[in-house]
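What follows is a set of notes on a single structure, which appears directly below.
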Amino acid sequence: MSVTQQYLFDTYRAQRHGEPAPPAPGTHDWQVVRELRDYRRFRAVVAGRPARGRLREALGRWLTGRPRASC
């Protein structure tokens with residue numbers, strides 16, 4: 001059963017039982033991505049690592065072979 005079929009089935013069942021319809025698939029995807037980003041930044045701060053710019057810093061070390069100067 002596909003996601004769309006399951007959603008339609010759940011919507012039909014909710015309507016028959018007088019319950020509110022479930023959210024459509026993909027409705028909260030961006031909210032989940034933002035929460036994951038915030039959680040990873042929080043974990044980085046708790047671990048004593050910089051919360052931002054880590055990827056750029058790592059790429060700079062990889063490309064030049066030496067650490068980049070921090071601003």
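Convention: chains lettered A, B, ... in structure tokens order; per-chain residue numbering from 1; ligands numbered from 1 as shown.
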For A:Leu8, list every protein, DNA or RNA residue within 12 Å, evaluated using only C-alpha atoms, and leave out those in the same chain fewer than 6 positions away; present the list as a PDB file with all heavy atoms, in the first residue's frame.
```pdb
ATOM      1  N   MET A   1       0.851  -1.166   0.000  1.00  0.00           N
ATOM      2  CA  MET A   1       0.000   0.000   0.000  1.00  0.00           C
ATOM      3  C   MET A   1       0.903   1.236   0.000  1.00  0.00           C
ATOM      4  O   MET A   1       1.843   1.332   0.769  1.00  0.00           O
ATOM      5  CB  MET A   1      -0.887  -0.029   1.249  1.00  0.00           C
ATOM      6  CG  MET A   1      -1.839   1.111   1.353  1.00  0.00           C
ATOM      7  SD  MET A   1      -2.942   1.053   2.783  1.00  0.00           S
ATOM      8  CE  MET A   1      -3.953  -0.337   2.412  1.00  0.00           C
ATOM      9  N   SER A   2       0.593   2.169  -0.868  1.00  0.00           N
ATOM     10  CA  SER A   2       1.397   3.383  -0.955  1.00  0.00           C
ATOM     11  C   SER A   2       1.003   4.369   0.149  1.00  0.00           C
ATOM     12  O   SER A   2      -0.013   4.197   0.835  1.00  0.00           O
ATOM     13  CB  SER A   2       1.205   4.046  -2.322  1.00  0.00           C
ATOM     14  OG  SER A   2      -0.075   4.627  -2.406  1.00  0.00           O
ATOM     15  N   ALA A  14     -11.352   8.130   9.567  1.00  0.00           N
ATOM     16  CA  ALA A  14     -11.563   9.236  10.504  1.00  0.00           C
ATOM     17  C   ALA A  14     -12.917   9.901  10.254  1.00  0.00           C
ATOM     18  O   ALA A  14     -13.627  10.254  11.208  1.00  0.00           O
ATOM     19  CB  ALA A  14     -10.441  10.259  10.367  1.00  0.00           C
ATOM     20  N   GLN A  15     -13.270  10.048   8.995  1.00  0.00           N
ATOM     21  CA  GLN A  15     -14.561  10.662   8.662  1.00  0.00           C
ATOM     22  C   GLN A  15     -15.715   9.792   9.156  1.00  0.00           C
ATOM     23  O   GLN A  15     -16.696  10.298   9.703  1.00  0.00           O
ATOM     24  CB  GLN A  15     -14.663  10.871   7.154  1.00  0.00           C
ATOM     25  CG  GLN A  15     -15.939  11.545   6.727  1.00  0.00           C
ATOM     26  CD  GLN A  15     -16.023  11.653   5.210  1.00  0.00           C
ATOM     27  OE1 GLN A  15     -15.283  10.989   4.494  1.00  0.00           O
ATOM     28  NE2 GLN A  15     -16.919  12.493   4.734  1.00  0.00           N
ATOM     29  N   ALA A  21      -9.405  14.680  10.460  1.00  0.00           N
ATOM     30  CA  ALA A  21      -8.590  14.022   9.440  1.00  0.00           C
ATOM     31  C   ALA A  21      -7.106  14.127   9.798  1.00  0.00           C
ATOM     32  O   ALA A  21      -6.664  15.134  10.372  1.00  0.00           O
ATOM     33  CB  ALA A  21      -8.837  14.668   8.086  1.00  0.00           C
ATOM     34  N   PRO A  22      -6.312  13.113   9.479  1.00  0.00           N
ATOM     35  CA  PRO A  22      -4.870  13.180   9.745  1.00  0.00           C
ATOM     36  C   PRO A  22      -4.203  14.174   8.796  1.00  0.00           C
ATOM     37  O   PRO A  22      -4.745  14.474   7.724  1.00  0.00           O
ATOM     38  CB  PRO A  22      -4.398  11.749   9.471  1.00  0.00           C
ATOM     39  CG  PRO A  22      -5.387  11.201   8.508  1.00  0.00           C
ATOM     40  CD  PRO A  22      -6.693  11.849   8.853  1.00  0.00           C
ATOM     41  N   PRO A  23      -3.029  14.678   9.155  1.00  0.00           N
ATOM     42  CA  PRO A  23      -2.340  15.605   8.247  1.00  0.00           C
ATOM     43  C   PRO A  23      -1.887  14.871   6.985  1.00  0.00           C
ATOM     44  O   PRO A  23      -1.578  13.680   7.023  1.00  0.00           O
ATOM     45  CB  PRO A  23      -1.142  16.095   9.062  1.00  0.00           C
ATOM     46  CG  PRO A  23      -0.942  15.069  10.107  1.00  0.00           C
ATOM     47  CD  PRO A  23      -2.274  14.468  10.380  1.00  0.00           C
ATOM     48  N   ALA A  24      -1.859  15.589   5.891  1.00  0.00           N
ATOM     49  CA  ALA A  24      -1.431  14.999   4.623  1.00  0.00           C
ATOM     50  C   ALA A  24       0.047  14.633   4.684  1.00  0.00           C
ATOM     51  O   ALA A  24       0.824  15.257   5.416  1.00  0.00           O
ATOM     52  CB  ALA A  24      -1.674  15.995   3.488  1.00  0.00           C
ATOM     53  N   PRO A  25       0.460  13.613   3.945  1.00  0.00           N
ATOM     54  CA  PRO A  25       1.876  13.233   3.931  1.00  0.00           C
ATOM     55  C   PRO A  25       2.745  14.398   3.447  1.00  0.00           C
ATOM     56  O   PRO A  25       2.412  15.064   2.475  1.00  0.00           O
ATOM     57  CB  PRO A  25       1.944  12.075   2.945  1.00  0.00           C
ATOM     58  CG  PRO A  25       0.552  11.616   2.750  1.00  0.00           C
ATOM     59  CD  PRO A  25      -0.343  12.751   3.097  1.00  0.00           C
TER      60      PRO A  25
END
```
Would you mind writing down, as a PDB file with N, CA and C atoms, in the first residue's frame, each residue of chain A that DSSP on the backbone assigns to alpha helix (DSSP H)?
```
ATOM      1  N   VAL A   3       1.795   5.390   0.288  1.00  0.00           N
ATOM      2  CA  VAL A   3       1.532   6.415   1.298  1.00  0.00           C
ATOM      3  C   VAL A   3       0.210   7.123   0.996  1.00  0.00           C
ATOM      4  N   THR A   4      -0.043   7.386  -0.258  1.00  0.00           N
ATOM      5  CA  THR A   4      -1.278   8.071  -0.639  1.00  0.00           C
ATOM      6  C   THR A   4      -2.503   7.205  -0.338  1.00  0.00           C
ATOM      7  N   GLN A   5      -2.408   5.928  -0.649  1.00  0.00           N
ATOM      8  CA  GLN A   5      -3.516   5.022  -0.366  1.00  0.00           C
ATOM      9  C   GLN A   5      -3.777   4.926   1.139  1.00  0.00           C
ATOM     10  N   GLN A   6      -2.706   4.841   1.930  1.00  0.00           N
ATOM     11  CA  GLN A   6      -2.861   4.776   3.379  1.00  0.00           C
ATOM     12  C   GLN A   6      -3.498   6.054   3.910  1.00  0.00           C
ATOM     13  N   TYR A   7      -3.077   7.203   3.379  1.00  0.00           N
ATOM     14  CA  TYR A   7      -3.644   8.481   3.806  1.00  0.00           C
ATOM     15  C   TYR A   7      -5.143   8.538   3.488  1.00  0.00           C
ATOM     16  N   LEU A   8      -5.502   8.115   2.287  1.00  0.00           N
ATOM     17  CA  LEU A   8      -6.915   8.134   1.917  1.00  0.00           C
ATOM     18  C   LEU A   8      -7.728   7.181   2.792  1.00  0.00           C
ATOM     19  N   PHE A   9      -7.173   6.031   3.096  1.00  0.00           N
ATOM     20  CA  PHE A   9      -7.845   5.084   3.969  1.00  0.00           C
ATOM     21  C   PHE A   9      -8.032   5.672   5.373  1.00  0.00           C
ATOM     22  N   ASP A  10      -6.976   6.294   5.911  1.00  0.00           N
ATOM     23  CA  ASP A  10      -7.062   6.905   7.241  1.00  0.00           C
ATOM     24  C   ASP A  10      -8.060   8.061   7.262  1.00  0.00           C
ATOM     25  N   THR A  11      -8.103   8.856   6.184  1.00  0.00           N
ATOM     26  CA  THR A  11      -9.048   9.955   6.093  1.00  0.00           C
ATOM     27  C   THR A  11     -10.485   9.444   6.073  1.00  0.00           C
ATOM     28  N   TYR A  12     -10.706   8.396   5.292  1.00  0.00           N
ATOM     29  CA  TYR A  12     -12.040   7.792   5.224  1.00  0.00           C
ATOM     30  C   TYR A  12     -12.458   7.250   6.591  1.00  0.00           C
ATOM     31  N   ARG A  13     -11.547   6.538   7.248  1.00  0.00           N
ATOM     32  CA  ARG A  13     -11.854   5.960   8.558  1.00  0.00           C
ATOM     33  C   ARG A  13     -12.132   7.054   9.589  1.00  0.00           C
ATOM     34  N   ALA A  14     -11.352   8.130   9.567  1.00  0.00           N
ATOM     35  CA  ALA A  14     -11.563   9.236  10.504  1.00  0.00           C
ATOM     36  C   ALA A  14     -12.917   9.901  10.254  1.00  0.00           C
ATOM     37  N   GLN A  15     -13.270  10.048   8.995  1.00  0.00           N
ATOM     38  CA  GLN A  15     -14.561  10.662   8.662  1.00  0.00           C
ATOM     39  C   GLN A  15     -15.715   9.792   9.156  1.00  0.00           C
ATOM     40  N   ARG A  16     -15.612   8.495   9.007  1.00  0.00           N
ATOM     41  CA  ARG A  16     -16.664   7.579   9.438  1.00  0.00           C
ATOM     42  C   ARG A  16     -16.826   7.552  10.957  1.00  0.00           C
ATOM     43  N   HIS A  17     -15.703   7.808  11.683  1.00  0.00           N
ATOM     44  CA  HIS A  17     -15.745   7.778  13.143  1.00  0.00           C
ATOM     45  C   HIS A  17     -15.954   9.159  13.754  1.00  0.00           C
ATOM     46  N   ASP A  29       7.333  18.041   6.934  1.00  0.00           N
ATOM     47  CA  ASP A  29       8.706  17.640   6.605  1.00  0.00           C
ATOM     48  C   ASP A  29       9.727  18.722   6.948  1.00  0.00           C
ATOM     49  N   TRP A  30       9.444  19.968   6.573  1.00  0.00           N
ATOM     50  CA  TRP A  30      10.419  21.035   6.821  1.00  0.00           C
ATOM     51  C   TRP A  30      10.555  21.327   8.312  1.00  0.00           C
ATOM     52  N   GLN A  31       9.484  21.180   9.052  1.00  0.00           N
ATOM     53  CA  GLN A  31       9.565  21.371  10.498  1.00  0.00           C
ATOM     54  C   GLN A  31      10.472  20.319  11.117  1.00  0.00           C
ATOM     55  N   VAL A  32      10.394  19.100  10.650  1.00  0.00           N
ATOM     56  CA  VAL A  32      11.256  18.027  11.164  1.00  0.00           C
ATOM     57  C   VAL A  32      12.709  18.315  10.827  1.00  0.00           C
ATOM     58  N   VAL A  33      12.976  18.799   9.630  1.00  0.00           N
ATOM     59  CA  VAL A  33      14.351  19.128   9.230  1.00  0.00           C
ATOM     60  C   VAL A  33      14.907  20.242  10.118  1.00  0.00           C
ATOM     61  N   ARG A  34      14.102  21.280  10.384  1.00  0.00           N
ATOM     62  CA  ARG A  34      14.555  22.372  11.254  1.00  0.00           C
ATOM     63  C   ARG A  34      14.833  21.880  12.668  1.00  0.00           C
ATOM     64  N   GLU A  35      13.959  21.027  13.194  1.00  0.00           N
ATOM     65  CA  GLU A  35      14.161  20.514  14.547  1.00  0.00           C
ATOM     66  C   GLU A  35      15.405  19.641  14.628  1.00  0.00           C
ATOM     67  N   LEU A  36      15.672  18.860  13.594  1.00  0.00           N
ATOM     68  CA  LEU A  36      16.887  18.048  13.574  1.00  0.00           C
ATOM     69  C   LEU A  36      18.128  18.940  13.548  1.00  0.00           C
ATOM     70  N   ARG A  37      18.101  19.999  12.745  1.00  0.00           N
ATOM     71  CA  ARG A  37      19.226  20.936  12.690  1.00  0.00           C
ATOM     72  C   ARG A  37      19.457  21.585  14.055  1.00  0.00           C
ATOM     73  N   ASP A  38      18.375  22.034  14.689  1.00  0.00           N
ATOM     74  CA  ASP A  38      18.505  22.653  16.010  1.00  0.00           C
ATOM     75  C   ASP A  38      19.049  21.666  17.039  1.00  0.00           C
ATOM     76  N   TYR A  39      18.584  20.420  16.968  1.00  0.00           N
ATOM     77  CA  TYR A  39      19.066  19.403  17.908  1.00  0.00           C
ATOM     78  C   TYR A  39      20.550  19.140  17.705  1.00  0.00           C
ATOM     79  N   ARG A  40      21.011  19.052  16.459  1.00  0.00           N
ATOM     80  CA  ARG A  40      22.438  18.814  16.200  1.00  0.00           C
ATOM     81  C   ARG A  40      23.278  19.995  16.662  1.00  0.00           C
ATOM     82  N   ARG A  41      22.779  21.213  16.478  1.00  0.00           N
ATOM     83  CA  ARG A  41      23.518  22.381  16.974  1.00  0.00           C
ATOM     84  C   ARG A  41      23.600  22.367  18.495  1.00  0.00           C
ATOM     85  N   PHE A  42      22.510  22.013  19.143  1.00  0.00           N
ATOM     86  CA  PHE A  42      22.490  21.930  20.603  1.00  0.00           C
ATOM     87  C   PHE A  42      23.500  20.893  21.089  1.00  0.00           C
ATOM     88  N   ARG A  43      23.515  19.711  20.461  1.00  0.00           N
ATOM     89  CA  ARG A  43      24.447  18.661  20.872  1.00  0.00           C
ATOM     90  C   ARG A  43      25.895  19.102  20.654  1.00  0.00           C
ATOM     91  N   ALA A  44      26.157  19.865  19.600  1.00  0.00           N
ATOM     92  CA  ALA A  44      27.507  20.355  19.351  1.00  0.00           C
ATOM     93  C   ALA A  44      27.944  21.318  20.449  1.00  0.00           C
ATOM     94  N   VAL A  45      27.058  22.197  20.866  1.00  0.00           N
ATOM     95  CA  VAL A  45      27.382  23.160  21.918  1.00  0.00           C
ATOM     96  C   VAL A  45      27.625  22.433  23.240  1.00  0.00           C
ATOM     97  N   VAL A  46      26.788  21.466  23.555  1.00  0.00           N
ATOM     98  CA  VAL A  46      26.943  20.715  24.807  1.00  0.00           C
ATOM     99  C   VAL A  46      28.272  19.957  24.804  1.00  0.00           C
ATOM    100  N   ARG A  54      31.126  24.258  10.935  1.00  0.00           N
ATOM    101  CA  ARG A  54      31.990  23.088  11.046  1.00  0.00           C
ATOM    102  C   ARG A  54      32.285  22.464   9.692  1.00  0.00           C
ATOM    103  N   LEU A  55      31.309  22.436   8.800  1.00  0.00           N
ATOM    104  CA  LEU A  55      31.518  21.843   7.486  1.00  0.00           C
ATOM    105  C   LEU A  55      32.511  22.671   6.669  1.00  0.00           C
ATOM    106  N   ARG A  56      32.328  23.983   6.693  1.00  0.00           N
ATOM    107  CA  ARG A  56      33.241  24.856   5.946  1.00  0.00           C
ATOM    108  C   ARG A  56      34.672  24.737   6.489  1.00  0.00           C
ATOM    109  N   GLU A  57      34.801  24.646   7.798  1.00  0.00           N
ATOM    110  CA  GLU A  57      36.120  24.502   8.418  1.00  0.00           C
ATOM    111  C   GLU A  57      36.768  23.179   7.998  1.00  0.00           C
ATOM    112  N   ALA A  58      35.997  22.111   8.003  1.00  0.00           N
ATOM    113  CA  ALA A  58      36.532  20.802   7.607  1.00  0.00           C
ATOM    114  C   ALA A  58      36.919  20.790   6.132  1.00  0.00           C
ATOM    115  N   LEU A  59      36.109  21.394   5.284  1.00  0.00           N
ATOM    116  CA  LEU A  59      36.454  21.458   3.867  1.00  0.00           C
ATOM    117  C   LEU A  59      37.707  22.296   3.647  1.00  0.00           C
ATOM    118  N   GLY A  60      37.841  23.375   4.393  1.00  0.00           N
ATOM    119  CA  GLY A  60      39.040  24.206   4.282  1.00  0.00           C
ATOM    120  C   GLY A  60      40.289  23.438   4.666  1.00  0.00           C
ATOM    121  N   ARG A  61      40.205  22.654   5.724  1.00  0.00           N
ATOM    122  CA  ARG A  61      41.366  21.836   6.126  1.00  0.00           C
ATOM    123  C   ARG A  61      41.674  20.795   5.060  1.00  0.00           C
ATOM    124  N   TRP A  62      40.644  20.201   4.484  1.00  0.00           N
ATOM    125  CA  TRP A  62      40.847  19.145   3.502  1.00  0.00           C
ATOM    126  C   TRP A  62      41.444  19.707   2.209  1.00  0.00           C
ATOM    127  N   LEU A  63      40.963  20.873   1.795  1.00  0.00           N
ATOM    128  CA  LEU A  63      41.432  21.447   0.525  1.00  0.00           C
ATOM    129  C   LEU A  63      42.834  22.031   0.635  1.00  0.00           C
ATOM    130  N   THR A  64      43.164  22.667   1.740  1.00  0.00           N
ATOM    131  CA  THR A  64      44.464  23.331   1.848  1.00  0.00           C
ATOM    132  C   THR A  64      45.474  22.507   2.642  1.00  0.00           C
TER     133      THR A  64
END
```
